[in-house]
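The file work33.txt comes next; it holds compact mmCIF, C-alpha atoms.
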# COMPACT_ATOMS: atom_id res chain seq x y z
CA VAL A 1 -167.58 -95.97 63.48
CA PHE A 2 -165.87 -92.66 63.55
CA GLU A 3 -163.37 -91.69 60.81
CA TYR A 4 -160.61 -89.22 61.53
CA ARG A 5 -159.31 -87.22 58.59
CA GLN A 6 -156.20 -85.10 58.73
CA ILE A 7 -156.54 -81.74 57.00
CA PHE A 8 -153.28 -79.91 56.06
CA VAL A 9 -153.43 -76.16 55.46
CA TYR A 10 -150.63 -74.61 53.31
CA ASP A 11 -149.82 -70.91 52.93
CA VAL A 12 -149.10 -69.97 49.31
CA PHE A 13 -147.32 -66.66 48.57
CA CYS A 14 -147.30 -65.29 45.01
CA PHE A 15 -144.74 -62.62 43.93
CA PHE A 16 -145.28 -60.43 40.87
CA PHE A 17 -142.37 -58.48 39.34
CA PHE A 18 -142.98 -55.46 37.15
CA GLN A 19 -140.39 -53.30 35.34
CA ALA A 20 -140.81 -49.64 36.10
CA GLU A 21 -140.99 -47.10 33.30
CA ASP A 22 -138.30 -44.93 34.85
CA GLY A 23 -135.62 -45.99 32.38
CA ILE A 24 -137.59 -45.04 29.27
CA ARG A 25 -136.61 -41.72 27.79
CA ASP A 26 -138.53 -41.81 24.50
CA PHE A 27 -140.42 -38.89 23.07
CA CYS A 28 -143.67 -40.88 22.69
CA LEU A 29 -145.52 -41.93 25.84
CA SER A 30 -145.67 -45.68 26.65
CA ARG A 31 -148.89 -47.65 26.37
CA GLY A 32 -148.59 -49.73 29.56
CA LEU A 33 -146.55 -52.73 30.67
CA GLY A 34 -146.92 -54.53 27.33
CA ASP A 35 -145.10 -51.74 25.60
CA VAL A 36 -142.34 -51.94 28.21
CA TYR A 37 -141.80 -55.66 27.68
CA LYS A 38 -141.77 -55.29 23.90
CA ARG A 39 -138.79 -52.95 24.17
CA GLN A 40 -136.75 -55.30 26.35
CA VAL A 41 -133.84 -57.20 24.78
CA VAL A 42 -134.35 -60.89 25.60
CA SER A 43 -131.11 -62.45 24.42
CA THR A 44 -127.66 -61.29 25.41
CA GLN A 45 -126.34 -62.19 21.95
CA SER A 46 -127.89 -59.09 20.35
CA THR A 47 -126.21 -56.81 22.93
CA TRP A 48 -122.82 -58.26 22.07
CA VAL A 49 -123.55 -57.66 18.38
CA ILE A 50 -124.32 -53.99 19.13
CA ILE A 51 -121.09 -53.54 21.15
CA VAL A 52 -118.97 -55.22 18.43
CA LYS A 53 -120.55 -53.05 15.73
CA ALA A 54 -119.91 -49.89 17.77
CA GLN A 55 -116.26 -50.88 18.21
CA GLN A 56 -115.92 -51.58 14.47
CA ASN A 57 -117.41 -48.17 13.58
CA MET A 58 -115.07 -46.45 16.03
CA PHE A 59 -111.93 -48.07 14.61
CA LEU A 60 -113.10 -47.48 11.02
CA SER A 61 -113.49 -43.76 11.71
CA LEU A 62 -109.98 -43.68 13.20
CA PHE A 63 -108.54 -45.36 10.13
CA LYS A 64 -110.39 -42.94 7.84
CA GLN A 65 -108.71 -40.04 9.64
CA ASN A 66 -105.26 -41.62 9.13
CA CYS A 67 -104.93 -42.41 12.86
CA ALA A 68 -103.92 -46.06 12.71
CA GLN A 69 -100.81 -45.41 14.80
CA ILE A 70 -102.82 -43.69 17.52
CA SER A 71 -105.21 -46.66 17.82
CA LYS A 72 -102.18 -48.95 18.44
CA MET A 73 -100.64 -46.58 20.98
CA LEU A 74 -103.85 -46.39 23.03
CA PHE A 75 -103.35 -49.98 24.21
CA THR A 76 -99.76 -49.51 25.36
CA SER A 77 -99.12 -48.87 29.04
CA SER A 78 -96.36 -46.30 28.33
CA PHE A 79 -98.77 -44.09 26.36
CA ARG A 80 -101.46 -44.37 29.05
CA ALA A 81 -98.92 -43.25 31.69
CA LEU A 82 -98.19 -39.99 29.82
CA HIS A 83 -99.81 -36.72 30.78
CA SER A 84 -102.50 -35.32 28.45
CA THR A 85 -100.21 -32.50 27.25
CA GLU A 86 -97.41 -35.02 26.52
CA ARG A 87 -99.73 -37.23 24.48
CA ALA A 88 -100.42 -34.38 22.05
CA LEU A 89 -96.70 -34.28 21.08
CA HIS A 90 -95.87 -38.00 21.56
CA GLY A 91 -93.66 -39.59 18.91
CA LEU A 92 -92.65 -36.42 17.04
CA SER A 93 -89.51 -36.59 14.91
CA PRO A 94 -86.94 -33.72 14.70
CA LYS A 95 -88.38 -32.77 11.29
CA ASP A 96 -91.85 -32.45 12.83
CA LEU A 97 -90.43 -30.15 15.53
CA GLN A 98 -88.97 -27.91 12.83
CA SER A 99 -92.21 -27.60 10.81
CA LYS A 100 -94.16 -24.57 11.98
CA GLU A 101 -97.45 -25.56 10.30
CA TYR A 102 -97.52 -29.03 11.88
CA ILE A 103 -97.10 -27.67 15.44
CA ASN A 104 -99.68 -24.94 14.77
CA ASN A 105 -102.12 -27.63 13.64
CA ILE A 106 -101.60 -29.54 16.92
CA LEU A 107 -102.05 -26.38 19.01
CA ASN A 108 -105.26 -25.43 17.21
CA LYS A 109 -106.93 -28.86 17.09
CA THR A 110 -106.10 -30.48 20.43
CA ASN A 111 -108.85 -30.14 23.02
CA ILE A 112 -108.21 -31.38 26.55
CA PRO A 113 -111.21 -31.49 28.91
CA LYS A 114 -111.24 -28.89 31.70
CA LYS A 115 -108.33 -27.01 30.05
CA THR A 116 -108.67 -23.75 28.15
CA LYS A 117 -106.87 -23.36 24.82
CA ARG A 118 -105.31 -20.18 26.14
CA SER A 119 -103.67 -22.13 29.00
CA LEU A 120 -102.37 -24.81 26.58
CA ARG A 121 -100.68 -22.08 24.48
CA GLY A 122 -99.15 -20.22 27.45
CA LEU A 123 -97.54 -20.98 30.80
CA PHE A 124 -100.27 -20.90 33.46
CA HIS A 125 -98.68 -23.52 35.80
CA GLY A 126 -101.99 -25.39 36.13
CA LYS A 127 -104.13 -22.32 36.82
CA GLN A 128 -107.58 -22.45 35.20
CA PRO A 129 -110.65 -20.20 35.43
CA LYS A 130 -113.06 -21.34 38.16
CA SER A 131 -116.78 -20.74 38.63
CA GLY A 132 -118.83 -20.43 41.78
CA LEU A 133 -121.75 -18.64 43.41
CA ARG A 134 -121.97 -15.06 44.61
CA THR A 135 -124.35 -14.45 47.54
CA CYS A 136 -125.80 -11.01 48.19
CA PHE A 137 -127.31 -9.60 51.42
CA SER A 138 -130.68 -11.25 50.68
CA GLU A 139 -128.91 -14.63 50.28
CA LYS A 140 -129.74 -14.83 46.59
CA LYS A 141 -127.07 -16.65 44.58
CA SER A 142 -125.71 -15.81 41.15
CA ILE A 143 -122.96 -17.46 39.10
CA ARG A 144 -119.55 -15.80 38.93
CA ARG A 145 -116.07 -16.65 37.59
CA TRP A 146 -112.55 -16.31 38.99
CA LYS A 147 -109.96 -15.79 36.26
CA PRO A 148 -106.21 -16.37 36.73
CA ASN A 149 -103.85 -13.40 36.88
CA ILE A 150 -102.22 -13.33 33.41
CA PHE A 151 -99.36 -11.20 32.01
CA ASP A 152 -97.71 -10.83 28.59
CA LYS A 153 -94.01 -11.54 29.17
CA GLU A 154 -90.94 -11.96 26.99
CA PHE A 155 -88.23 -14.42 28.06
CA PHE A 156 -84.82 -15.12 26.54
CA SER A 157 -83.83 -18.78 26.20
CA ASP A 158 -80.08 -19.45 26.54
CA VAL A 159 -80.46 -22.95 25.06
CA LEU A 160 -82.46 -21.85 21.99
CA GLN A 161 -80.68 -18.44 21.78
CA MET A 162 -83.85 -16.51 20.96
CA PRO A 163 -86.53 -14.41 22.71
CA ILE A 164 -89.90 -16.09 23.41
CA SER A 165 -93.04 -14.07 24.20
CA LEU A 166 -95.75 -15.90 26.14
CA GLU A 167 -98.81 -15.40 28.30
CA THR A 168 -97.79 -16.35 31.83
CA SER A 169 -99.61 -16.47 35.15
CA SER A 170 -98.29 -14.91 38.34
CA SER A 171 -97.67 -18.37 39.85
CA ALA A 172 -95.62 -19.37 36.75
CA LEU A 173 -93.50 -16.22 37.10
CA ARG A 174 -92.90 -17.05 40.76
CA CYS A 175 -91.83 -20.60 39.85
CA ILE A 176 -89.50 -19.32 37.09
CA ARG A 177 -87.78 -17.21 39.75
CA LYS A 178 -87.55 -20.21 42.09
CA TYR A 179 -86.07 -22.50 39.42
CA GLY A 180 -83.47 -19.88 38.55
CA GLY A 181 -84.45 -19.03 34.98
CA PHE A 182 -86.79 -19.75 32.07
CA ASP A 183 -84.81 -22.72 30.68
CA ASN A 184 -84.58 -24.43 34.07
CA TYR A 185 -88.33 -24.04 34.59
CA ILE A 186 -89.17 -25.59 31.20
CA LEU A 187 -86.71 -28.49 31.55
CA MET A 188 -87.26 -29.39 35.23
CA THR A 189 -91.00 -28.86 35.81
CA GLU A 190 -93.25 -31.93 35.81
CA PRO A 191 -95.75 -32.15 32.91
CA SER A 192 -98.72 -32.22 35.33
CA LYS A 193 -97.57 -28.89 36.84
CA LEU A 194 -96.45 -27.30 33.58
CA ASP A 195 -99.83 -28.22 32.04
CA SER A 196 -99.10 -26.65 28.64
CA ILE A 197 -98.70 -28.10 25.14
CA TYR A 198 -96.53 -25.15 24.10
CA GLY A 199 -94.36 -25.68 27.18
CA GLU A 200 -93.90 -29.35 26.24
CA TYR A 201 -92.99 -28.29 22.69
CA LEU A 202 -90.31 -25.92 24.06
CA ARG A 203 -89.02 -28.72 26.32
CA LYS A 204 -88.67 -31.07 23.33
CA LEU A 205 -86.84 -28.38 21.34
CA MET A 206 -84.41 -27.71 24.21
CA LEU A 207 -83.68 -31.41 24.82
CA GLN A 208 -83.11 -31.97 21.10
CA LYS A 209 -80.71 -29.01 20.97
CA LEU A 210 -78.80 -30.17 24.07
CA ASN A 211 -78.47 -33.74 22.76
CA ASP A 212 -77.65 -32.68 19.20
CA PRO A 213 -75.92 -29.23 18.94
CA SER A 214 -76.13 -29.37 15.11
CA PHE A 215 -79.96 -29.35 15.32
CA GLN A 216 -81.27 -26.19 13.62
CA ILE A 217 -84.01 -24.39 15.51
CA PRO A 218 -86.61 -22.70 13.26
CA ALA A 219 -86.15 -18.95 12.86
CA GLU A 220 -89.81 -18.39 13.78
CA LEU A 221 -91.53 -20.50 16.39
CA PRO A 222 -95.19 -21.51 15.91
CA LYS A 223 -97.97 -18.99 16.28
CA GLN A 224 -98.22 -17.53 19.74
CA ARG A 225 -99.89 -14.46 21.10
CA PRO A 226 -97.94 -11.41 19.83
CA PHE A 227 -96.00 -9.39 22.35
CA LYS A 228 -97.57 -5.91 22.11
CA LEU A 229 -95.63 -2.72 22.80
CA SER A 230 -96.98 0.78 23.20
CA ASN A 231 -95.78 3.53 20.86
CA LYS A 232 -93.67 5.00 23.66
CA GLU A 233 -91.93 1.65 24.29
CA LYS A 234 -91.32 1.18 20.54
CA ALA A 235 -89.75 4.64 20.33
CA GLN A 236 -87.53 3.86 23.34
CA ARG A 237 -86.32 0.66 21.69
CA ILE A 238 -85.57 2.35 18.34
CA TYR A 239 -84.19 5.60 19.81
CA PRO A 240 -82.90 4.76 23.30
CA TYR A 241 -82.80 7.69 25.69
CA ARG A 242 -79.30 8.91 26.42
CA PRO A 243 -79.00 11.20 29.42
CA PRO A 244 -77.21 14.50 28.73
CA ILE A 245 -73.59 14.83 29.91
CA TRP A 246 -72.41 18.05 31.47
CA HIS A 247 -69.18 19.48 30.04
CA PRO A 248 -67.31 22.61 31.13
CA PRO A 249 -67.76 25.66 28.84
CA ALA A 250 -64.18 25.38 27.55
CA LEU A 251 -64.84 21.89 26.10
CA ARG A 252 -68.40 22.34 24.80
CA HIS A 253 -67.54 23.44 21.25
CA THR A 254 -64.47 21.25 20.75
CA ASP A 255 -63.96 17.71 19.47
CA LEU A 256 -65.20 15.33 22.18
CA TRP A 257 -64.39 11.99 20.48
CA ARG A 258 -61.99 11.06 23.29
CA LEU A 259 -64.76 11.35 25.88
CA ARG A 260 -67.03 9.06 23.83
CA CYS A 261 -64.41 6.30 23.63
CA LYS A 262 -64.70 3.40 26.02
CA ARG A 263 -62.22 2.95 28.83
CA PRO A 264 -60.47 -0.41 29.24
CA SER A 265 -62.63 -1.12 32.31
CA GLU A 266 -65.80 -0.64 30.17
CA MET A 267 -64.67 -2.91 27.33
CA ASN A 268 -65.64 -6.53 26.93
CA ARG A 269 -63.10 -9.36 26.51
CA HIS A 270 -62.76 -9.15 22.70
CA GLU A 271 -62.60 -5.34 22.61
CA TYR A 272 -59.91 -5.29 25.30
CA ALA A 273 -57.81 -7.86 23.38
CA GLN A 274 -58.03 -5.71 20.22
CA PHE A 275 -57.14 -2.60 22.23
CA GLN A 276 -54.00 -4.27 23.60
CA GLU A 277 -52.99 -5.44 20.12
CA ILE A 278 -53.40 -1.92 18.67
CA GLU A 279 -51.28 -0.49 21.50
CA SER A 280 -48.49 -2.97 20.77
CA MET A 281 -48.70 -2.08 17.05
CA ALA A 282 -48.46 1.65 17.85
CA LYS A 283 -45.20 1.05 19.78
CA ASN A 284 -43.59 -0.90 16.90
CA LEU A 285 -44.86 0.77 13.71
CA GLN A 286 -41.91 -0.43 11.66
CA ASP A 287 -42.74 -4.10 12.23
CA VAL A 288 -46.43 -3.72 11.33
CA GLN A 289 -47.40 -5.41 8.05
CA THR A 290 -50.20 -4.28 5.74
CA SER A 291 -51.67 -7.81 5.76
CA HIS A 292 -52.41 -7.62 9.50
CA PRO A 293 -56.01 -8.85 10.20
CA LEU A 294 -56.95 -5.71 12.16
CA LEU A 295 -55.79 -3.38 9.38
CA LYS A 296 -57.50 -5.53 6.79
CA GLN A 297 -60.75 -5.42 8.78
CA GLU A 298 -60.54 -1.63 9.10
CA ARG A 299 -60.00 -1.30 5.33
CA GLU A 300 -63.04 -3.46 4.66
CA ASP A 301 -65.15 -1.40 7.09
CA ASN A 302 -64.06 1.83 5.38
CA LYS A 303 -64.91 0.39 1.96
CA ARG A 304 -68.32 -0.69 3.19
CA ASP A 305 -68.98 2.78 4.59
CA GLU A 306 -67.90 4.39 1.32
CA GLU A 307 -70.25 2.13 -0.67
CA LEU A 308 -73.13 3.00 1.62
CA LEU A 309 -72.37 6.74 1.39
CA GLU A 310 -71.81 6.73 -2.39
CA ALA A 311 -75.52 7.04 -3.20
CA ASP A 312 -75.88 9.97 -0.78
CA ARG A 313 -72.78 11.63 -2.23
CA ILE A 314 -74.20 11.43 -5.77
CA LYS A 315 -77.52 12.91 -4.60
CA VAL A 316 -75.73 15.82 -2.89
CA LEU A 317 -73.65 16.54 -6.03
CA GLN A 318 -76.76 16.51 -8.22
CA ARG A 319 -78.50 18.88 -5.85
CA LEU A 320 -75.48 21.23 -5.91
CA GLU A 321 -75.53 21.25 -9.71
CA ARG A 322 -79.23 22.10 -9.69
CA VAL A 323 -78.61 24.99 -7.29
CA LYS A 324 -75.72 26.27 -9.43
CA ASN A 325 -77.86 26.07 -12.57
CA LYS A 326 -80.67 27.98 -10.87
CA LYS A 327 -78.26 30.72 -9.79
CA TYR A 328 -76.74 30.90 -13.28
CA LEU A 329 -80.19 31.15 -14.92
CA LYS A 330 -81.18 33.84 -12.45
CA LYS A 331 -78.10 35.90 -13.36
CA VAL A 332 -78.83 35.44 -17.09
CA LYS A 333 -82.40 36.69 -16.61
CA GLU A 334 -81.17 39.74 -14.69
CA MET A 335 -78.65 40.53 -17.45
CA ASN A 336 -81.40 40.21 -20.10
CA LEU A 337 -83.65 42.61 -18.21
CA GLU A 338 -80.84 45.18 -17.91
CA ALA A 339 -80.04 44.85 -21.63
CA GLN A 340 -83.70 45.42 -22.55
CA LYS A 341 -83.83 48.54 -20.40
CA THR A 342 -80.60 50.04 -21.80
CA GLY A 343 -81.24 48.89 -25.39
CA TYR A 344 -77.93 47.10 -25.88
CA PRO A 345 -77.95 44.01 -28.14
CA ILE A 346 -77.75 40.65 -26.28
CA ASP A 347 -75.15 38.14 -27.24
CA LYS A 348 -77.05 34.82 -27.59
CA LYS A 349 -73.88 32.81 -27.23

Step by step, read the file and then write its structure as structure tokens.
Amino acid sequence: VFEYRQIFVYDVFCFFFFQAEDGIRDFCLSRGLGDVYKRQVVSTQSTWVIIVKAQQNMFLSLFKQNCAQISKMLFTSSFRALHSTERALHGLSPKDLQSKEYINNILNKTNIPKKTKRSLRGLFHGKQPKSGLRTCFSEKKSIRRWKPNIFDKEFFSDVLQMPISLETSSSALRCIRKYGGFDNYILMTEPSKLDSIYGEYLRKLMLQKLNDPSFQIPAELPKQRPFKLSNKEKAQRIYPYRPPIWHPPALRHTDLWRLRCKRPSEMNRHEYAQFQEIESMAKNLQDVQTSHPLLKQEREDNKRDEELLEADRIKVLQRLERVKNKKYLKKVKEMNLEAQKTGYPIDKK
């Protein structure tokens, strides 16, 4: 009797998974796979605990720094849509705009990534220093920087009615020319292109002044880079150069007050109106009253000039008295010497 047995052969594949040590960045070296597994976090619950604790610490630090309002604003879509330079001045009241110290504090403490503090204080129109590689003839590479072309410029704002000195780039100057003036550039440029906290501050001031004409602009704006002048430029501002005027020899040593007077074509609107009024008064002297505003103003100006010159007049009189006394004493001494030589008695009176 033959027995047939069926034999079944099965292929068994075993897979082993090992965690690599690539993710470990500890100072001490690991002691094999056992050490790797010991460091693994098994439950996901502990990871959530770590995340929650980190969030709690973050919000606690914000509250300690008196930034509760900022933590609320971070979750609003309107705040997230603002540009980084706009966020620095978001939610400022008119009183905050007037306080010089508060704005200086914002300018000094705000740090925006990939933006220099110098560009946030000036008008660079988005220009930032760049870095790259310089290659020489042997194809060796060294690091170099490209800096923006910056100038110290002074602009006059018609809205704020004051001069503003700023560091500006050549591209910003070109755009100011294109927009048709400094105020137009500040008001109409997009925040992403303006790219300046100080520019945004000026924009807020201008908008506040346009909306509310009674708004008082501070006499001194926050700290900005001073506008430096050379000694020659300072002297030209204090003592402006007046070109010499040629006069014929007959007129050189005479009174030239008529030549210094302005002609009607050279006068402005107010001066010309006063000139016409004085002419009409000169034609009708009998009808002119002493209480006329022009005469009253001239009297006040004369009084003011007299008060200013009074101190100088007193000094001149005192000096004259001193000179007279010196001359008198000199004569007395001469008379005494003559009397001593001749032997005549001197009258002490």

Atom CA of Asn184 of chain A to atom CA of Arg121 of chain A, distance in Å rounded to a single decimal: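 Going from atom CA of Asn184 of chain A over to atom CA of Arg121 of chain A covers 18.9 Å.
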
Closest atom pairs, residues of segment 120-162 of chain A within 8 Å of segment 197-203 of chain A, all atoms listed in the file, as CSV:
residue,atom,partner,partner_atom,distance
A:Leu120,CA,A:Ile197,CA,5.1
A:Arg121,CA,A:Tyr198,CA,5.2
A:Gly122,CA,A:Tyr198,CA,6.5
A:Leu123,CA,A:Gly199,CA,6.7

Closest to Gln276 of chain A among A:Arg87, A:Met206, A:Pro264, A:Ser142, using only C-alpha atoms?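 Among the listed residues, A:Pro264 lies closest to Gln276 of chain A.
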
So what do you get for atom CA of Lys193 of chain A versus atom CA of Leu221 of chain A, distance-wise?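 A separation of 22.9 Å between them.
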
Atom-to-atom span, atom CA of Pro222 of chain A and atom CA of Glu101 of chain A, Å: 7.3 Å

Give me the residues near Lys209 of chain A as a ChimeraX atom specification, where near means some atom within 9 Å (using all atoms listed in the file) and where sequence neighbours in that chain fewer than 6 positions away do not count. /A:159-160,215-217

For Asn111 of chain A, work out the shell of residues within 12 Å, counting all atoms listed in the file and skipping chain neighbours fewer than 2 positions away, then give it as a count of residues only. 20

Between A:Gln274, A:Glu307, A:Ile103, A:Arg258, which one has atoms that come closest to Leu295 of chain A, using only C-alpha atoms?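 The closest residue to Leu295 of chain A is A:Gln274.
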
Name the residues in contact with Pro148 of chain A at a cut-off of 9 Å, using all atoms listed in the file, excluding same-chain residues fewer than 2 positions from it; report them as number ranges by chain. A: 124, 127-130, 146, 150, 169-170

So, with all atoms listed in the file as the atoms that count, which of A:Glu271, A:Glu277, A:Asp212, A:Glu167 lies closest to His292 of chain A?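 Closest residue, counting all atoms listed in the file: A:Glu277.
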
For segment 235-246 of chain A, please output as a count of residues only all residues within 12 Å (counting all atoms listed in the file; exclusion window: fewer than 6 positions along the same chain). 5

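You can rank A:His83, A:Lys100, A:Lys147, A:Lys178 by their closest distance to Glu190 of chain A using all atoms listed in the file, and at the top of that list sits A:His83.
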